[in-house]
Structures are given as C-alpha cells and as structure tokens.
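structure-v4.cif follows (mmCIF, C-alpha atoms):
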data_run
loop_
_atom_site.group_PDB
_atom_site.id
_atom_site.type_symbol
_atom_site.label_atom_id
_atom_site.label_comp_id
_atom_site.auth_asym_id
_atom_site.auth_seq_id
_atom_site.Cartn_x
_atom_site.Cartn_y
_atom_site.Cartn_z
ATOM 1 C CA MET A 1 16.964 -22.090 -11.957
ATOM 2 C CA ASP A 2 18.575 -18.685 -12.370
ATOM 3 C CA ILE A 3 19.919 -17.512 -8.987
ATOM 4 C CA GLN A 4 18.323 -14.046 -9.197
ATOM 5 C CA LEU A 5 14.934 -15.485 -10.077
ATOM 6 C CA LYS A 6 15.235 -18.021 -7.266
ATOM 7 C CA ARG A 7 16.187 -15.291 -4.796
ATOM 8 C CA GLY A 8 13.089 -13.250 -5.633
ATOM 9 C CA LEU A 9 10.872 -16.306 -5.452
ATOM 10 C CA LEU A 10 12.330 -17.309 -2.093
ATOM 11 C CA ASP A 11 11.435 -13.907 -0.626
ATOM 12 C CA ILE A 12 7.821 -14.309 -1.743
ATOM 13 C CA LEU A 13 7.584 -17.954 -0.678
ATOM 14 C CA ILE A 14 8.895 -17.088 2.783
ATOM 15 C CA LEU A 15 6.425 -14.220 3.105
ATOM 16 C CA ALA A 16 3.602 -16.483 1.885
ATOM 17 C CA SER A 17 4.534 -19.089 4.489
ATOM 18 C CA LEU A 18 4.038 -16.393 7.151
ATOM 19 C CA TYR A 19 0.784 -15.050 5.710
ATOM 20 C CA LYS A 20 -1.623 -17.085 7.838
ATOM 21 C CA VAL A 21 0.499 -17.858 10.876
ATOM 22 C CA ASP A 22 3.710 -16.674 12.493
ATOM 23 C CA SER A 23 6.498 -19.221 12.269
ATOM 24 C CA TYR A 24 10.102 -20.039 13.148
ATOM 25 C CA GLY A 25 13.110 -20.922 11.012
ATOM 26 C CA TYR A 26 12.979 -24.711 10.906
ATOM 27 C CA LYS A 27 9.236 -24.719 10.140
ATOM 28 C CA ILE A 28 9.663 -22.110 7.397
ATOM 29 C CA VAL A 29 12.377 -24.247 5.767
ATOM 30 C CA LYS A 30 10.048 -27.274 5.919
ATOM 31 C CA ASP A 31 7.135 -25.349 4.396
ATOM 32 C CA VAL A 32 9.116 -23.634 1.639
ATOM 33 C CA SER A 33 11.089 -26.795 0.774
ATOM 34 C CA LEU A 34 7.858 -28.331 -0.484
ATOM 35 C CA HIS A 35 8.086 -25.879 -3.400
ATOM 36 C CA ILE A 36 11.759 -24.998 -3.865
ATOM 37 C CA SER A 37 14.956 -26.195 -2.220
ATOM 38 C CA ILE A 38 16.199 -24.055 0.655
ATOM 39 C CA THR A 39 18.477 -24.571 3.646
ATOM 40 C CA GLU A 40 18.541 -22.823 6.987
ATOM 41 C CA SER A 41 21.822 -21.165 5.996
ATOM 42 C CA THR A 42 19.984 -19.620 3.028
ATOM 43 C CA LEU A 43 16.858 -18.768 5.012
ATOM 44 C CA TYR A 44 18.285 -16.649 7.822
ATOM 45 C CA PRO A 45 19.981 -13.991 5.658
ATOM 46 C CA ILE A 46 16.715 -13.653 3.708
ATOM 47 C CA LEU A 47 14.717 -13.281 6.922
ATOM 48 C CA LYS A 48 17.189 -10.653 8.154
ATOM 49 C CA ARG A 49 16.850 -8.724 4.878
ATOM 50 C CA LEU A 50 13.044 -8.981 5.011
ATOM 51 C CA GLU A 51 13.173 -7.692 8.582
ATOM 52 C CA LEU A 52 15.423 -4.764 7.641
ATOM 53 C CA ASN A 53 13.057 -3.938 4.752
ATOM 54 C CA GLY A 54 10.075 -3.912 7.118
ATOM 55 C CA CYS A 55 8.392 -6.978 5.598
ATOM 56 C CA VAL A 56 8.630 -9.125 8.738
ATOM 57 C CA GLU A 57 8.800 -8.511 12.456
ATOM 58 C CA VAL A 58 10.698 -10.740 14.870
ATOM 59 C CA TYR A 59 9.767 -11.702 18.404
ATOM 60 C CA THR A 60 10.760 -14.432 20.832
ATOM 61 C CA LYS A 61 8.515 -16.847 22.655
ATOM 62 C CA GLU A 62 9.314 -19.626 25.092
ATOM 63 C CA TYR A 63 8.975 -23.153 23.750
ATOM 64 C CA ASN A 64 9.991 -26.222 25.824
ATOM 65 C CA GLY A 65 12.002 -24.040 28.195
ATOM 66 C CA ARG A 66 13.924 -22.257 25.420
ATOM 67 C CA LEU A 67 13.370 -18.983 23.660
ATOM 68 C CA ARG A 68 12.408 -19.461 20.029
ATOM 69 C CA LYS A 69 12.565 -16.671 17.452
ATOM 70 C CA TYR A 70 9.311 -16.207 15.537
ATOM 71 C CA TYR A 71 8.682 -14.231 12.376
ATOM 72 C CA LYS A 72 5.491 -12.329 11.593
ATOM 73 C CA ILE A 73 4.556 -10.786 8.250
ATOM 74 C CA THR A 74 3.834 -7.040 8.279
ATOM 75 C CA HIS A 75 1.511 -4.938 6.134
ATOM 76 C CA LEU A 76 4.524 -4.135 3.952
ATOM 77 C CA GLY A 77 5.200 -7.861 3.524
ATOM 78 C CA ILE A 78 1.584 -8.428 2.487
ATOM 79 C CA LYS A 79 1.904 -5.559 0.011
ATOM 80 C CA LYS A 80 5.035 -7.207 -1.408
ATOM 81 C CA ILE A 81 3.061 -10.441 -1.991
ATOM 82 C CA ASN A 82 0.225 -8.542 -3.683
ATOM 83 C CA ASP A 83 2.659 -6.598 -5.866
ATOM 84 C CA PHE A 84 4.333 -9.865 -6.846
ATOM 85 C CA LYS A 85 0.991 -11.405 -7.861
ATOM 86 C CA GLU A 86 0.242 -8.412 -10.106
ATOM 87 C CA GLU A 87 3.710 -8.454 -11.676
ATOM 88 C CA TRP A 88 3.540 -12.204 -12.179
ATOM 89 C CA LYS A 89 0.510 -11.781 -14.452
ATOM 90 C CA GLU A 90 2.823 -10.004 -16.910
ATOM 91 C CA VAL A 91 5.436 -12.742 -16.590
ATOM 92 C CA ILE A 92 2.781 -15.347 -17.414
ATOM 93 C CA LYS A 93 1.833 -13.400 -20.563
ATOM 94 C CA VAL A 94 5.478 -13.338 -21.660
ATOM 95 C CA TYR A 95 5.866 -17.038 -20.892
ATOM 96 C CA LYS A 96 2.769 -17.913 -22.924
ATOM 97 C CA TYR A 97 4.078 -15.877 -25.844
ATOM 98 C CA ILE A 98 7.492 -17.557 -25.697
ATOM 99 C CA GLU A 99 5.923 -20.999 -25.319
ATOM 100 C CA GLY A 100 3.616 -20.384 -28.296
ATOM 101 C CA GLU A 101 6.373 -19.043 -30.538
ATOM 102 C CA THR A 102 8.869 -21.787 -29.737
ATOM 103 C CA HIS A 103 6.528 -24.775 -29.483
ATOM 104 C CA GLU A 104 7.103 -27.211 -32.334
#

Can you give me the file's structure in the form of structure tokens?
Amino acid sequence: MDIQLKRGLLDILILASLYKVDSYGYKIVKDVSLHISITESTLYPILKRLELNGCVEVYTKEYNGRLRKYYKITHLGIKKINDFKEEWKEVIKVYKYIEGETHE
C-alpha cells in the first residue's frame, strides 16, 4: 500500500479505535492491527501528532501500580473521522469508475 495512503488511514483507524472508549498504546496497536499492520514504534509518533493537532487528549491513570498513558478522542478528532467518511464517498466513486473501465 502507498505509504501516504497508509499514513492517512492509520490516523483515522487510530481515532476510530478511540471513538467509543479511551485506550492505551498496546491496546490501540492490537485493535488497529486487525485491519492494517502497525507497530508501537509507528503508533506513538502518530498519537503525538494527533495530540498536537488537537484530535486526542492524553492523561495518565494508575494500572497495577504503574501509571499508564491513555488517549481520548476530542471533538476535533470526531470531526476528522466524519470528514474522512464524507471524502471517502468520493474515493469510492473514483474506484468504481476505475474498476468499471479497467475490468476485462
């Protein structure tokens, strides 16, 4: 998969994984890996960028005597998901056109 396309999809997949419940790094990797390959070394820079862009908030919570960093989607992150879904409708139209024109 094209690296730029994958990067954009990873942002949305990570935000989607946080849509219903706050989560932490290892769990996010597990959830997103069901759909596209990702490692923790790829995840954390994306989470940092999403945080800097105001799409996620970070907080810590104690778990088994240690502090664990949790990520929570913001209203801006939800907007980014909704914008993606609208834009993707156009991508699907283009895909269907290409598929129809090149299908033998």

On this file, the PyMOL selection byres ((chain A and resi 67-84) around 6) gives some set of residues; write that set as a ChimeraX atom specification. /A:18,22-24,55-62,66,85-88

Applied to the shown file, which residues does the PyMOL selection byres ((chain A and resi 35) around 12) return, written as number ranges by chain? A: 6, 9-10, 12-14, 16-17, 28-34, 36-38

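CA of Val94 in chain A is positioned 20.1 Å from CA of Arg7 in chain A.
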
Block slice range 21-49 of chain A, N, CA and C atoms, emitted as a PDB file, in the first residue's frame:
ATOM      1  N   VAL A  21     -14.199   4.281  23.389  1.00  0.00           N
ATOM      2  CA  VAL A  21     -13.549   4.125  24.693  1.00  0.00           C
ATOM      3  C   VAL A  21     -12.108   4.622  24.624  1.00  0.00           C
ATOM      4  N   ASP A  22     -11.669   5.271  25.676  1.00  0.00           N
ATOM      5  CA  ASP A  22     -10.278   5.685  25.784  1.00  0.00           C
ATOM      6  C   ASP A  22      -9.405   4.428  25.799  1.00  0.00           C
ATOM      7  N   SER A  23      -8.161   4.567  25.350  1.00  0.00           N
ATOM      8  CA  SER A  23      -7.312   3.388  25.293  1.00  0.00           C
ATOM      9  C   SER A  23      -5.852   3.773  25.479  1.00  0.00           C
ATOM     10  N   TYR A  24      -5.001   2.761  25.520  1.00  0.00           N
ATOM     11  CA  TYR A  24      -3.561   2.948  25.694  1.00  0.00           C
ATOM     12  C   TYR A  24      -2.843   2.290  24.514  1.00  0.00           C
ATOM     13  N   GLY A  25      -1.566   2.590  24.381  1.00  0.00           N
ATOM     14  CA  GLY A  25      -0.799   2.209  23.200  1.00  0.00           C
ATOM     15  C   GLY A  25      -0.896   0.767  22.777  1.00  0.00           C
ATOM     16  N   TYR A  26      -0.588  -0.162  23.672  1.00  0.00           N
ATOM     17  CA  TYR A  26      -0.577  -1.576  23.294  1.00  0.00           C
ATOM     18  C   TYR A  26      -1.946  -2.024  22.796  1.00  0.00           C
ATOM     19  N   LYS A  27      -3.007  -1.593  23.451  1.00  0.00           N
ATOM     20  CA  LYS A  27      -4.371  -1.964  23.064  1.00  0.00           C
ATOM     21  C   LYS A  27      -4.726  -1.366  21.702  1.00  0.00           C
ATOM     22  N   ILE A  28      -4.313  -0.133  21.463  1.00  0.00           N
ATOM     23  CA  ILE A  28      -4.573   0.502  20.167  1.00  0.00           C
ATOM     24  C   ILE A  28      -3.888  -0.289  19.053  1.00  0.00           C
ATOM     25  N   VAL A  29      -2.637  -0.683  19.272  1.00  0.00           N
ATOM     26  CA  VAL A  29      -1.912  -1.480  18.275  1.00  0.00           C
ATOM     27  C   VAL A  29      -2.673  -2.771  17.999  1.00  0.00           C
ATOM     28  N   LYS A  30      -3.140  -3.439  19.054  1.00  0.00           N
ATOM     29  CA  LYS A  30      -3.896  -4.687  18.897  1.00  0.00           C
ATOM     30  C   LYS A  30      -5.163  -4.464  18.077  1.00  0.00           C
ATOM     31  N   ASP A  31      -5.895  -3.407  18.398  1.00  0.00           N
ATOM     32  CA  ASP A  31      -7.160  -3.125  17.709  1.00  0.00           C
ATOM     33  C   ASP A  31      -6.935  -2.767  16.236  1.00  0.00           C
ATOM     34  N   VAL A  32      -5.991  -1.886  15.986  1.00  0.00           N
ATOM     35  CA  VAL A  32      -5.747  -1.410  14.622  1.00  0.00           C
ATOM     36  C   VAL A  32      -5.111  -2.506  13.765  1.00  0.00           C
ATOM     37  N   SER A  33      -4.286  -3.356  14.382  1.00  0.00           N
ATOM     38  CA  SER A  33      -3.613  -4.430  13.640  1.00  0.00           C
ATOM     39  C   SER A  33      -4.587  -5.432  13.045  1.00  0.00           C
ATOM     40  N   LEU A  34      -5.803  -5.451  13.518  1.00  0.00           N
ATOM     41  CA  LEU A  34      -6.821  -6.321  12.924  1.00  0.00           C
ATOM     42  C   LEU A  34      -7.166  -5.876  11.506  1.00  0.00           C
ATOM     43  N   HIS A  35      -6.842  -4.609  11.177  1.00  0.00           N
ATOM     44  CA  HIS A  35      -7.228  -4.040   9.891  1.00  0.00           C
ATOM     45  C   HIS A  35      -6.050  -3.661   8.999  1.00  0.00           C
ATOM     46  N   ILE A  36      -4.938  -3.279   9.629  1.00  0.00           N
ATOM     47  CA  ILE A  36      -3.755  -2.864   8.873  1.00  0.00           C
ATOM     48  C   ILE A  36      -2.551  -3.036   9.797  1.00  0.00           C
ATOM     49  N   SER A  37      -1.416  -3.421   9.242  1.00  0.00           N
ATOM     50  CA  SER A  37      -0.263  -3.670  10.106  1.00  0.00           C
ATOM     51  C   SER A  37       0.286  -2.360  10.678  1.00  0.00           C
ATOM     52  N   ILE A  38       0.589  -2.414  11.970  1.00  0.00           N
ATOM     53  CA  ILE A  38       1.146  -1.258  12.673  1.00  0.00           C
ATOM     54  C   ILE A  38       1.959  -1.770  13.860  1.00  0.00           C
ATOM     55  N   THR A  39       3.028  -1.059  14.170  1.00  0.00           N
ATOM     56  CA  THR A  39       3.847  -1.387  15.335  1.00  0.00           C
ATOM     57  C   THR A  39       3.756  -0.244  16.324  1.00  0.00           C
ATOM     58  N   GLU A  40       4.192  -0.499  17.540  1.00  0.00           N
ATOM     59  CA  GLU A  40       4.194   0.558  18.547  1.00  0.00           C
ATOM     60  C   GLU A  40       5.120   1.699  18.131  1.00  0.00           C
ATOM     61  N   SER A  41       6.214   1.379  17.457  1.00  0.00           N
ATOM     62  CA  SER A  41       7.135   2.439  17.026  1.00  0.00           C
ATOM     63  C   SER A  41       6.513   3.333  15.960  1.00  0.00           C
ATOM     64  N   THR A  42       5.523   2.823  15.237  1.00  0.00           N
ATOM     65  CA  THR A  42       4.771   3.631  14.276  1.00  0.00           C
ATOM     66  C   THR A  42       3.654   4.389  14.982  1.00  0.00           C
ATOM     67  N   LEU A  43       3.032   3.747  15.957  1.00  0.00           N
ATOM     68  CA  LEU A  43       1.875   4.320  16.637  1.00  0.00           C
ATOM     69  C   LEU A  43       2.190   5.604  17.395  1.00  0.00           C
ATOM     70  N   TYR A  44       3.240   5.598  18.203  1.00  0.00           N
ATOM     71  CA  TYR A  44       3.459   6.724  19.115  1.00  0.00           C
ATOM     72  C   TYR A  44       3.717   8.059  18.418  1.00  0.00           C
ATOM     73  N   PRO A  45       4.469   8.097  17.323  1.00  0.00           N
ATOM     74  CA  PRO A  45       4.581   9.387  16.609  1.00  0.00           C
ATOM     75  C   PRO A  45       3.233   9.868  16.059  1.00  0.00           C
ATOM     76  N   ILE A  46       2.387   8.930  15.623  1.00  0.00           N
ATOM     77  CA  ILE A  46       1.064   9.314  15.124  1.00  0.00           C
ATOM     78  C   ILE A  46       0.226   9.867  16.261  1.00  0.00           C
ATOM     79  N   LEU A  47       0.248   9.197  17.412  1.00  0.00           N
ATOM     80  CA  LEU A  47      -0.506   9.701  18.566  1.00  0.00           C
ATOM     81  C   LEU A  47      -0.020  11.086  18.981  1.00  0.00           C
ATOM     82  N   LYS A  48       1.289  11.290  18.950  1.00  0.00           N
ATOM     83  CA  LYS A  48       1.844  12.608  19.311  1.00  0.00           C
ATOM     84  C   LYS A  48       1.352  13.669  18.327  1.00  0.00           C
ATOM     85  N   ARG A  49       1.357  13.348  17.027  1.00  0.00           N
ATOM     86  CA  ARG A  49       0.880  14.297  16.027  1.00  0.00           C
ATOM     87  C   ARG A  49      -0.615  14.571  16.213  1.00  0.00           C
TER      88      ARG A  49
END
